[in-house]
$ cat final_11.csv   # CSV, C-alpha atoms
chain,number,residue,atom,x,y,z
A,864,MET,CA,-13.3,-24.5,14.8
A,865,LEU,CA,-16.2,-23.8,12.4
A,866,ASP,CA,-15.5,-24.8,8.8
A,867,ASP,CA,-17.6,-24.7,5.6
A,868,ASP,CA,-19.3,-28.1,6.3
A,869,PHE,CA,-22.8,-27.7,4.7
A,870,LEU,CA,-24.6,-29.7,7.5
A,871,SER,CA,-23.0,-27.6,10.2
A,872,VAL,CA,-24.1,-24.4,8.6
A,873,LYS,CA,-27.7,-25.7,8.1
A,874,ILE,CA,-27.9,-26.7,11.8
A,875,LEU,CA,-26.8,-23.3,12.9
A,876,GLU,CA,-29.3,-21.6,10.5
A,877,SER,CA,-32.1,-23.7,12.0
A,878,LEU,CA,-31.3,-22.1,15.4
A,879,TRP,CA,-31.4,-18.5,14.1
A,880,PHE,CA,-34.4,-17.5,16.2
A,881,ARG,CA,-33.2,-19.1,19.4
A,882,THR,CA,-33.6,-16.6,22.3
A,883,THR,CA,-31.0,-18.1,24.7
A,884,LEU,CA,-27.3,-18.4,24.2
A,885,LEU,CA,-26.3,-21.5,22.2
A,886,LEU,CA,-22.9,-21.9,23.9
A,887,PRO,CA,-22.9,-19.7,27.0
A,888,ASN,CA,-19.5,-20.9,28.2
A,889,LEU,CA,-17.6,-20.7,24.9
A,890,GLN,CA,-14.2,-19.0,25.2
A,891,LYS,CA,-12.5,-19.6,21.9
A,892,LEU,CA,-14.0,-19.5,18.4
A,893,CYS,CA,-12.2,-19.9,15.0
A,894,ARG,CA,-14.0,-19.6,11.7
A,895,ASP,CA,-12.1,-20.9,8.7
A,896,ASP,CA,-15.1,-20.8,6.2
A,897,TYR,CA,-14.5,-19.4,2.8
A,898,VAL,CA,-18.2,-18.9,2.1
A,899,GLU,CA,-19.0,-15.3,3.2
A,900,ALA,CA,-22.7,-15.8,3.3
A,901,ASN,CA,-22.3,-18.3,6.1
A,902,ILE,CA,-20.8,-15.7,8.5
A,903,GLY,CA,-24.3,-14.7,9.5
A,904,SER,CA,-24.8,-17.9,11.3
A,905,LEU,CA,-21.6,-17.3,13.2
A,906,ARG,CA,-23.4,-14.7,15.3
A,907,LEU,CA,-25.3,-17.5,17.0
A,908,LEU,CA,-22.1,-18.7,18.6
A,909,LEU,CA,-20.9,-15.3,20.0
A,910,SER,CA,-21.4,-14.9,23.7
A,911,PRO,CA,-20.1,-12.7,26.5
A,912,SER,CA,-17.8,-15.5,27.7
A,913,LEU,CA,-15.8,-15.4,24.4
A,914,VAL,CA,-12.2,-14.2,24.9
A,915,HIS,CA,-10.5,-15.4,21.6
A,916,LEU,CA,-12.1,-14.8,18.2
A,917,ASP,CA,-10.4,-15.8,14.9
A,918,VAL,CA,-12.5,-15.1,11.7
A,919,ARG,CA,-11.7,-15.4,8.0
A,920,LEU,CA,-13.5,-12.6,6.3
A,921,GLY,CA,-12.6,-12.9,2.6
A,922,ASP,CA,-13.1,-9.8,0.5
A,923,GLY,CA,-16.1,-8.6,2.5
A,924,ASN,CA,-18.4,-8.3,-0.5
A,925,HIS,CA,-21.3,-9.9,1.3
A,926,THR,CA,-23.5,-7.8,3.6
A,927,TYR,CA,-23.3,-10.5,6.3
A,928,VAL,CA,-19.6,-9.8,6.6
A,929,LEU,CA,-20.1,-6.1,7.1
A,930,GLY,CA,-23.0,-6.7,9.5
A,931,PHE,CA,-20.8,-9.1,11.6
A,932,LEU,CA,-18.0,-6.5,11.9
A,933,GLN,CA,-20.5,-3.9,13.1
A,934,CYS,CA,-21.9,-6.0,15.9
A,935,TYR,CA,-19.4,-8.5,17.1
A,936,HIS,CA,-18.0,-6.4,19.9
A,937,THR,CA,-21.4,-6.0,21.5
A,938,LEU,CA,-22.0,-9.8,21.5
A,939,CYS,CA,-18.6,-10.6,23.0
A,940,PRO,CA,-17.4,-7.6,24.9
A,941,LYS,CA,-14.7,-9.5,26.9
A,942,LEU,CA,-12.5,-10.3,23.9
A,943,LYS,CA,-8.7,-10.5,24.8
A,944,SER,CA,-7.5,-11.9,21.5
A,945,LEU,CA,-8.8,-10.9,18.0
A,946,ARG,CA,-7.8,-12.0,14.6
A,947,PHE,CA,-9.4,-10.9,11.3
A,948,ARG,CA,-8.1,-12.6,8.1
A,949,HIS,CA,-9.1,-10.4,5.1
A,950,LEU,CA,-7.8,-9.5,1.7
A,951,ASN,CA,-5.4,-6.6,1.7
A,952,HIS,CA,-6.3,-5.2,-1.7
A,953,CYS,CA,-9.9,-4.4,-0.9
A,954,SER,CA,-10.2,-0.8,0.3
A,955,HIS,CA,-13.7,-1.2,1.6
A,956,MET,CA,-12.6,-4.1,3.7
A,957,THR,CA,-9.7,-2.1,5.1
A,958,THR,CA,-12.2,0.6,6.2
A,959,ALA,CA,-14.7,-2.0,7.7
A,960,VAL,CA,-12.0,-3.9,9.6
A,961,SER,CA,-10.4,-0.7,10.9
A,962,ARG,CA,-13.7,0.6,12.3
A,963,ALA,CA,-14.3,-2.8,13.9
A,964,ILE,CA,-11.0,-2.7,15.6
A,965,THR,CA,-11.7,0.6,17.2
A,966,CYS,CA,-14.7,-0.9,18.9
A,967,SER,CA,-12.7,-3.4,20.9
A,968,SER,CA,-11.1,-1.6,23.7
A,969,ASN,CA,-10.0,-4.5,25.9
A,970,VAL,CA,-8.1,-6.6,23.3
A,971,GLU,CA,-4.6,-7.6,24.3
A,972,THR,CA,-3.6,-9.5,21.1
A,973,LEU,CA,-4.6,-8.2,17.7
A,974,ALA,CA,-3.8,-9.7,14.2
A,975,CYS,CA,-5.2,-8.4,11.0
A,976,GLY,CA,-4.3,-7.2,7.5
A,977,VAL,CA,-4.3,-3.6,6.2
A,978,ILE,CA,-5.7,-1.0,8.6
A,979,ASP,CA,-6.2,2.8,8.2
A,980,GLU,CA,-4.9,5.7,10.2
A,981,ALA,CA,-7.8,5.8,12.6
A,982,ALA,CA,-7.2,2.2,13.6
A,983,LEU,CA,-3.5,2.9,14.0
A,984,ILE,CA,-4.2,5.8,16.3
A,985,HIS,CA,-6.6,3.6,18.3
A,986,ILE,CA,-4.0,0.9,18.6
A,987,ALA,CA,-1.3,3.3,19.6
A,988,GLU,CA,-3.4,4.8,22.3
A,989,SER,CA,-4.6,1.4,23.8
A,990,ARG,CA,-3.3,0.7,27.3
A,991,CYS,CA,-4.4,-2.9,27.0
A,992,LEU,CA,-2.8,-4.0,23.8
A,993,LYS,CA,0.3,-6.2,24.3
A,994,LYS,CA,0.8,-7.7,20.8
A,995,ILE,CA,-0.1,-6.4,17.4
A,996,THR,CA,0.4,-7.8,13.9
A,997,ALA,CA,-0.9,-5.6,11.0
A,998,THR,CA,-0.1,-3.8,7.7
A,999,LEU,CA,0.1,0.0,7.2
A,1000,ARG,CA,-0.1,1.3,3.7
A,1001,LEU,CA,0.0,5.0,4.5
A,1002,ALA,CA,2.3,7.7,3.1
A,1003,GLY,CA,2.4,9.3,6.6
A,1004,TYR,CA,1.1,8.6,10.1
A,1005,GLY,CA,-0.7,10.9,12.4
A,1006,THR,CA,0.4,11.4,16.0
A,1007,PRO,CA,-1.6,10.0,18.9
A,1008,ASP,CA,-2.6,12.3,21.8
A,1009,HIS,CA,-0.4,10.6,24.3
A,1010,PRO,CA,2.8,8.4,24.1
A,1011,PRO,CA,2.0,5.4,21.8
A,1012,PHE,CA,2.1,1.7,22.6
A,1013,GLU,CA,2.3,2.2,26.3
A,1014,ASN,CA,2.1,-1.4,27.3
A,1015,LEU,CA,2.9,-3.1,24.0
A,1016,ARG,CA,5.3,-6.1,24.2
A,1017,VAL,CA,5.3,-7.4,20.6
A,1018,LEU,CA,5.2,-5.1,17.6
A,1019,ARG,CA,4.9,-6.8,14.1
A,1020,LEU,CA,4.1,-4.4,11.3
A,1021,GLU,CA,4.5,-4.0,7.6
A,1022,VAL,CA,4.9,-0.3,6.9
A,1023,GLN,CA,5.0,1.8,3.8
A,1024,ASP,CA,7.7,4.2,4.9
A,1025,LEU,CA,9.9,3.5,7.9
A,1026,SER,CA,11.0,7.2,8.3
A,1027,SER,CA,7.3,8.2,8.9
A,1028,PHE,CA,6.9,5.5,11.5
A,1029,ILE,CA,10.0,6.3,13.5
A,1030,PRO,CA,8.3,8.9,15.7
A,1031,TYR,CA,6.0,6.2,17.1
A,1032,LEU,CA,9.1,4.5,18.5
A,1033,ARG,CA,10.7,7.4,20.2
A,1034,ALA,CA,8.6,7.2,23.4
A,1035,HIS,CA,11.4,5.3,25.3
A,1036,HIS,CA,9.1,4.0,28.0
A,1037,GLN,CA,7.7,1.3,25.7
A,1038,PRO,CA,8.6,-2.1,27.1
A,1039,PHE,CA,9.1,-3.8,23.7
A,1040,GLU,CA,10.2,-7.4,23.8
A,1041,GLU,CA,10.1,-8.0,20.0
A,1042,VAL,CA,10.1,-5.6,17.1
A,1043,SER,CA,9.5,-7.0,13.7
A,1044,LEU,CA,9.1,-4.6,10.7
A,1045,ALA,CA,8.9,-5.0,7.0
A,1046,GLU,CA,9.0,-1.9,4.8
A,1047,ASN,CA,7.8,-1.3,1.2
A,1048,LEU,CA,10.4,1.3,0.5
A,1049,LEU,CA,14.2,0.9,0.4
A,1050,PRO,CA,15.5,2.6,3.6
A,1051,ALA,CA,18.7,4.7,3.3
A,1052,PRO,CA,21.4,3.9,5.8
A,1053,GLN,CA,20.7,7.1,7.7
A,1054,VAL,CA,17.1,6.1,8.1
A,1055,LEU,CA,18.1,2.7,9.4
A,1056,HIS,CA,20.4,4.5,11.9
A,1057,GLU,CA,17.5,6.7,13.0
A,1058,PHE,CA,15.3,3.6,13.4
A,1059,PHE,CA,17.8,1.7,15.5
A,1060,THR,CA,18.5,4.8,17.6
A,1061,ALA,CA,14.8,5.4,18.2
A,1062,LEU,CA,14.6,1.8,19.5
A,1063,SER,CA,17.5,2.2,21.9
A,1064,SER,CA,16.8,3.4,25.5
A,1065,VAL,CA,17.6,2.5,29.0
A,1066,ARG,CA,14.1,1.0,29.6
A,1067,ARG,CA,14.4,-1.3,26.6
A,1068,GLN,CA,17.9,-2.5,27.2
A,1069,ALA,CA,16.6,-5.3,29.4
A,1070,SER,CA,13.3,-5.9,27.6
A,1071,LEU,CA,14.0,-6.0,23.9
A,1072,ARG,CA,15.2,-9.4,22.9
A,1073,ARG,CA,14.2,-9.9,19.3
A,1074,ILE,CA,14.7,-7.6,16.3
A,1075,ARG,CA,13.5,-8.5,12.8
A,1076,PHE,CA,13.7,-6.2,9.8
A,1077,HIS,CA,12.9,-7.3,6.2
A,1078,PRO,CA,12.3,-4.6,3.5
A,1079,ASP,CA,9.9,-5.8,0.8
A,1080,TYR,CA,11.5,-4.0,-2.1
A,1081,LYS,CA,13.1,-4.7,-5.4
A,1082,GLY,CA,16.6,-3.2,-5.4
A,1083,THR,CA,18.2,-1.0,-7.9
A,1084,ARG,CA,21.3,-3.1,-8.7
A,1085,ARG,CA,21.5,-6.2,-10.8
A,1086,ASP,CA,22.1,-8.4,-7.8
A,1087,GLY,CA,19.0,-6.9,-6.1
A,1088,SER,CA,20.8,-4.7,-3.6
A,1089,SER,CA,21.3,-1.0,-3.0
A,1090,SER,CA,24.6,0.7,-3.7
A,1091,GLN,CA,24.4,2.4,-0.3
A,1092,LEU,CA,26.5,0.5,2.2
A,1093,VAL,CA,25.4,-0.2,5.8
A,1094,ASP,CA,28.4,0.1,8.1
A,1095,PHE,CA,29.2,-0.2,11.8
A,1096,GLN,CA,28.0,3.3,12.7
A,1097,VAL,CA,24.5,2.5,11.3
A,1098,LEU,CA,24.2,-0.7,13.5
A,1099,SER,CA,26.0,0.6,16.6
A,1100,PRO,CA,22.8,1.7,18.5
A,1101,LEU,CA,21.8,-2.0,18.7
A,1102,MET,CA,24.7,-2.7,21.0
A,1103,THR,CA,22.7,-1.3,23.9
A,1104,PHE,CA,20.5,-4.4,23.9
A,1105,ASN,CA,21.0,-7.9,25.1
A,1106,LEU,CA,19.5,-9.6,22.0
A,1107,TYR,CA,18.4,-13.2,21.8
A,1108,GLU,CA,17.4,-13.0,18.1
A,1109,PHE,CA,18.8,-10.7,15.4
A,1110,ASP,CA,17.2,-11.3,12.0
A,1111,VAL,CA,17.9,-8.4,9.6
A,1112,ASP,CA,17.9,-8.7,5.8
A,1113,LEU,CA,18.6,-5.6,3.8
A,1114,TYR,CA,19.0,-4.8,0.1
A,1115,ASN,CA,22.0,-2.8,1.0
A,1116,LEU,CA,25.4,-4.4,1.1
A,1117,VAL,CA,26.9,-4.6,4.6
A,1118,SER,CA,30.4,-3.3,5.3
A,1119,LEU,CA,32.0,-4.5,8.5
A,1120,ASN,CA,35.6,-5.6,9.2
A,1121,ASP,CA,36.4,-8.4,11.6
A,1122,ASP,CA,36.8,-6.2,14.6
A,1123,GLU,CA,33.5,-4.4,14.1
A,1124,LEU,CA,31.6,-7.7,13.6
A,1125,ALA,CA,33.2,-9.1,16.8
A,1126,CYS,CA,32.3,-6.0,18.7
A,1127,LEU,CA,28.7,-6.1,17.5
A,1128,VAL,CA,28.0,-9.7,18.5
A,1129,GLN,CA,29.9,-9.6,21.7
A,1130,ALA,CA,27.4,-7.0,22.9
A,1131,TRP,CA,24.8,-9.8,22.8
A,1132,PRO,CA,26.1,-12.7,25.0
A,1133,GLY,CA,22.7,-14.4,25.1
A,1134,LEU,CA,22.3,-14.4,21.3
A,1135,GLY,CA,20.7,-17.6,20.0
A,1136,THR,CA,19.7,-16.7,16.4
A,1137,PHE,CA,21.8,-14.5,14.1
A,1138,TYR,CA,20.7,-13.9,10.5
A,1139,PHE,CA,22.1,-10.9,8.7
A,1140,ASN,CA,21.8,-9.9,5.1
A,1141,ARG,CA,21.2,-13.4,3.7
A,1142,ARG,CA,19.8,-11.9,0.5
A,1143,SER,CA,22.2,-9.2,-0.6
A,1144,GLY,CA,25.4,-10.2,1.0
A,1145,TRP,CA,28.4,-8.3,2.4
A,1146,GLU,CA,31.0,-5.9,1.0
A,1147,TYR,CA,33.8,-8.6,1.3
A,1148,ARG,CA,36.6,-6.2,0.4
A,1149,ARG,CA,36.5,-4.8,3.9
A,1150,PHE,CA,37.1,-8.2,5.5
A,1151,ARG,CA,40.8,-8.4,6.0
A,1152,ARG,CA,43.1,-9.0,8.9

$ encode --input "final_11.csv" --output "structure tokens"
Amino acid sequence: MLDDDFLSVKILESLWFRTTLLLPNLQKLCRDDYVEANIGSLRLLLSPSLVHLDVRLGDGNHTYVLGFLQCYHTLCPKLKSLRFRHLNHCSHMTTAVSRAITCSSNVETLACGVIDEAALIHIAESRCLKKITATLRLAGYGTPDHPPFENLRVLRLEVQDLSSFIPYLRAHHQPFEEVSLAENLLPAPQVLHEFFTALSSVRRQASLRRIRFHPDYKGTRRDGSSSQLVDFQVLSPLMTFNLYEFDVDLYNLVSLNDDELACLVQAWPGLGTFYFNRRSGWEYRRFRR
């Protein structure tokens, strides 16, 4: 790990004009330096042997940061794991990181902040990507040329509008093992039903083991919840899976009677973690024998 130690940076700068690789067998590199000007020296450590790169980029106001994003993929073309830590409120940084992502075609694990539509299309069309963690702040999403996320195993996204993203989940061949979504808008029960239905397929019945859903929204009621109830019909598509983890927190109240709740959890005999609506609670009047 390369931190912001002044001596370390000075040593690297003194090697700037070195013509041979400094660390030709380096496989993993993590930069946790808050000083953006120091990222220029990081290029000295990049090599074709590198397979894991984790870099803190800050707000990208320094030209060294933008220069690094433009060239990193040529210096380490064999990357399998890539993580960019950058500020989500900087639009120019979103553009720069999104362009950088599209240059790495062999990455299997990708983690970053906000990305644009071009990066989303690139990610969706990748046949190498197996795990993605990112944020989408788009009103709508374009459609890739062929079925998206062909080999993706772990999908972790924060989306602006769940209903706009549902078409990306309808290609039932996707072998998801984990789907974790956070949404910035409060989804109506019918949208939640469409989301759970889009996830359900014969192919995923054996593969999908973890579902997490946490809307990032301030509800309309005084208790922070929505007045629209989520009932058994909304959740029923999830019974096609053999889940190990169910972690869903809605701003809607949940309305299930004892028999419906029992039917739901009995569909998941291997369930190890069950968190449901810890924030907004349940419509307790429906609970009666």

$ atom_distance --input "final_11.csv" --atom1 "atom CA of Leu983 of chain A" --atom2 "atom CA of Ala997 of chain A"
9.4 Å

$ atom_distance --input "final_11.csv" --atom1 "atom CA of Leu1015 of chain A" --atom2 "atom CA of Asn969 of chain A"
13.1 Å

$ residues_near_point --input "final_11.csv" --point "(13.2, -7.9, 9.8)" --cutoff "8 Å" --atoms "only C-alpha atoms" --output "list of chain:residue names"
A:Ser1043, A:Leu1044, A:Ala1045, A:Ile1074, A:Arg1075, A:Phe1076, A:His1077, A:Pro1078, A:Asp1110, A:Val1111, A:Asp1112

$ closest_residue --input "final_11.csv" --among "A:Ala959, A:Leu1062, A:Leu1032, A:Leu950" --to "Gln933 of chain A" --atoms "only C-alpha atoms"
A:Ala959

$ residues_around --input "final_11.csv" --residues "Leu929 of chain A" --least-positions-apart "6" --cutoff "12 Å" --atoms "only C-alpha atoms" --output "mmCIF file with C-alpha atoms, in the coordinates of the input"
data_model
loop_
_atom_site.group_PDB
_atom_site.id
_atom_site.type_symbol
_atom_site.label_atom_id
_atom_site.label_comp_id
_atom_site.auth_asym_id
_atom_site.auth_seq_id
_atom_site.Cartn_x
_atom_site.Cartn_y
_atom_site.Cartn_z
ATOM 1 C CA GLU A 899 -19.000 -15.300 3.200
ATOM 2 C CA ALA A 900 -22.700 -15.800 3.300
ATOM 3 C CA ILE A 902 -20.800 -15.700 8.500
ATOM 4 C CA GLY A 903 -24.300 -14.700 9.500
ATOM 5 C CA LEU A 920 -13.500 -12.600 6.300
ATOM 6 C CA GLY A 921 -12.600 -12.900 2.600
ATOM 7 C CA ASP A 922 -13.100 -9.800 0.500
ATOM 8 C CA GLY A 923 -16.100 -8.600 2.500
ATOM 9 C CA TYR A 935 -19.400 -8.500 17.100
ATOM 10 C CA HIS A 949 -9.100 -10.400 5.100
ATOM 11 C CA HIS A 955 -13.700 -1.200 1.600
ATOM 12 C CA MET A 956 -12.600 -4.100 3.700
ATOM 13 C CA THR A 957 -9.700 -2.100 5.100
ATOM 14 C CA THR A 958 -12.200 0.600 6.200
ATOM 15 C CA ALA A 959 -14.700 -2.000 7.700
ATOM 16 C CA VAL A 960 -12.000 -3.900 9.600
ATOM 17 C CA SER A 961 -10.400 -0.700 10.900
ATOM 18 C CA ARG A 962 -13.700 0.600 12.300
ATOM 19 C CA ALA A 963 -14.300 -2.800 13.900
#

$ closest_residue --input "final_11.csv" --among "A:Asn901, A:Thr972, A:Ser1026, A:Gln890" --to "Val928 of chain A" --atoms "only C-alpha atoms"
A:Asn901

$ closest_residue --input "final_11.csv" --among "A:Leu1098, A:Leu916, A:Thr1103, A:Asn1047" --to "Ser1118 of chain A" --atoms "only C-alpha atoms"
A:Leu1098

$ closest_residue --input "final_11.csv" --among "A:Val1097, A:Arg894, A:Gln1053, A:Trp1131" --to "Ala1069 of chain A" --atoms "all atoms listed in the file"
A:Trp1131
